[in-house]
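Chemist: If you scroll down you'll find the structure; I have some questions about it.
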Amino acid sequence: SFQRLEITSLNHQSTMPLVPSPEFICPAEEFFLNLKNDPRCPKEWVKPLELRAKRERENPIETRFVLVHDFFSNLGERDPTFRQPDYPKYTNESKQILWIKTRHRLPDDDQNIHRSVLAYASDMFLLSTAVGAEFNIPEIAMMASRDHSMW
């Protein structure tokens, strides 16, 4: 509802969790390339993960995952000897925590552009968060929500 600025006393925002700043977390493209090195990664996932890394690199929104679902949880426990970055952390809940920002500065004088980019970015991880463990099919290149809004 971007029709007019609304000032209200209602607050539906959760307290931000304590998370490391984005400078300490690898970019999404690096995360997806690291996934293919997981010993549990099926060989048919390697190419889709490389393509996903390429898409992330080209995306105008930079993403850094803090908490994500373990893509390979249905293939067994993580190998404790496999060296992984400190972040992202993994969960089996339908929950994600991530940092996002535009790769290029947005104009200061047009708040509608900022709102539009925020609406676009909000849809990027909505469904993958909701489906959690079910989203482990490499052939799915994109999902889309038909109907959601931001307020």
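Residues are referred to by chain and number: the chain letter is A, B, ... according to the order shown in the structure tokens, the number counts from 1 in that chain, and ligands are numbered separately from 1 in the order shown.
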Residues at most 10 Å from Phe82 (chain A), counting only C-alpha atoms, excluding those fewer than 4 positions away in the same chain, as a list in words?

Modeler: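 Neighbouring residues, sequence-local ones excluded: Asn37, Asp38, Pro39 and Arg78 of chain A.
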
Chemist: List as number ranges by chain the protein and nucleic acid residues near Cys26 (chain A), meaning an atom at most 10 Å away when only C-alpha atoms are counted, but skip any in the same chain fewer than 2 places from it.

Modeler: A: 22-24, 28-31, 34, 63-66, 85-88

Chemist: For a quick check of understanding, using only C-alpha atoms, which of A:Val68, A:Ile97, A:Ile25, A:Leu35 has the smallest distance to Arg52 (chain A)?

Modeler: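 Ranking A:Val68, A:Ile97, A:Ile25, A:Leu35 by distance to Arg52 (chain A), first place goes to A:Leu35.
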
Chemist: Where in region 36-126 of chain A does DSSP assign strand (DSSP E), given as a PyMOL selection string?

Modeler: chain A and resi 61-69+89-91+97-102

Chemist: Hey, can you check how far CA of Met16 (chain A) sits from CA of Ile100 (chain A)?

Modeler: 14.4 Å

Chemist: So that I can see what lies close to Ser73 (chain A), please list as a list in words the residues with an atom at most 9 Å from it, counting only C-alpha atoms and leaving out residues fewer than 3 positions away in the same chain.

Modeler: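 Here the answer would be Arg40, His69, Asp70, Gly76, Glu77, Arg78, Asn92 and Ala133 of chain A.
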
Chemist: In Å, with one decimal, what is the gap from CA of Leu33 (chain A) to CA of Val46 (chain A)?

Modeler: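 Those two atoms sit 8.5 Å apart.
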
Chemist: Rank nothing, just name the residue among A:Leu49, A:Lys54, A:His114, A:Pro17 nearest to Leu67 (chain A), using only C-alpha atoms.

Modeler: A:Pro17

Chemist: Measuring atom to atom with only C-alpha atoms, identify which of A:Pro60, A:Pro42, A:Pro27, A:Pro48 is nearest to Val117 (chain A).

Modeler: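 Closest to Val117 (chain A) of all the choices is A:Pro60.
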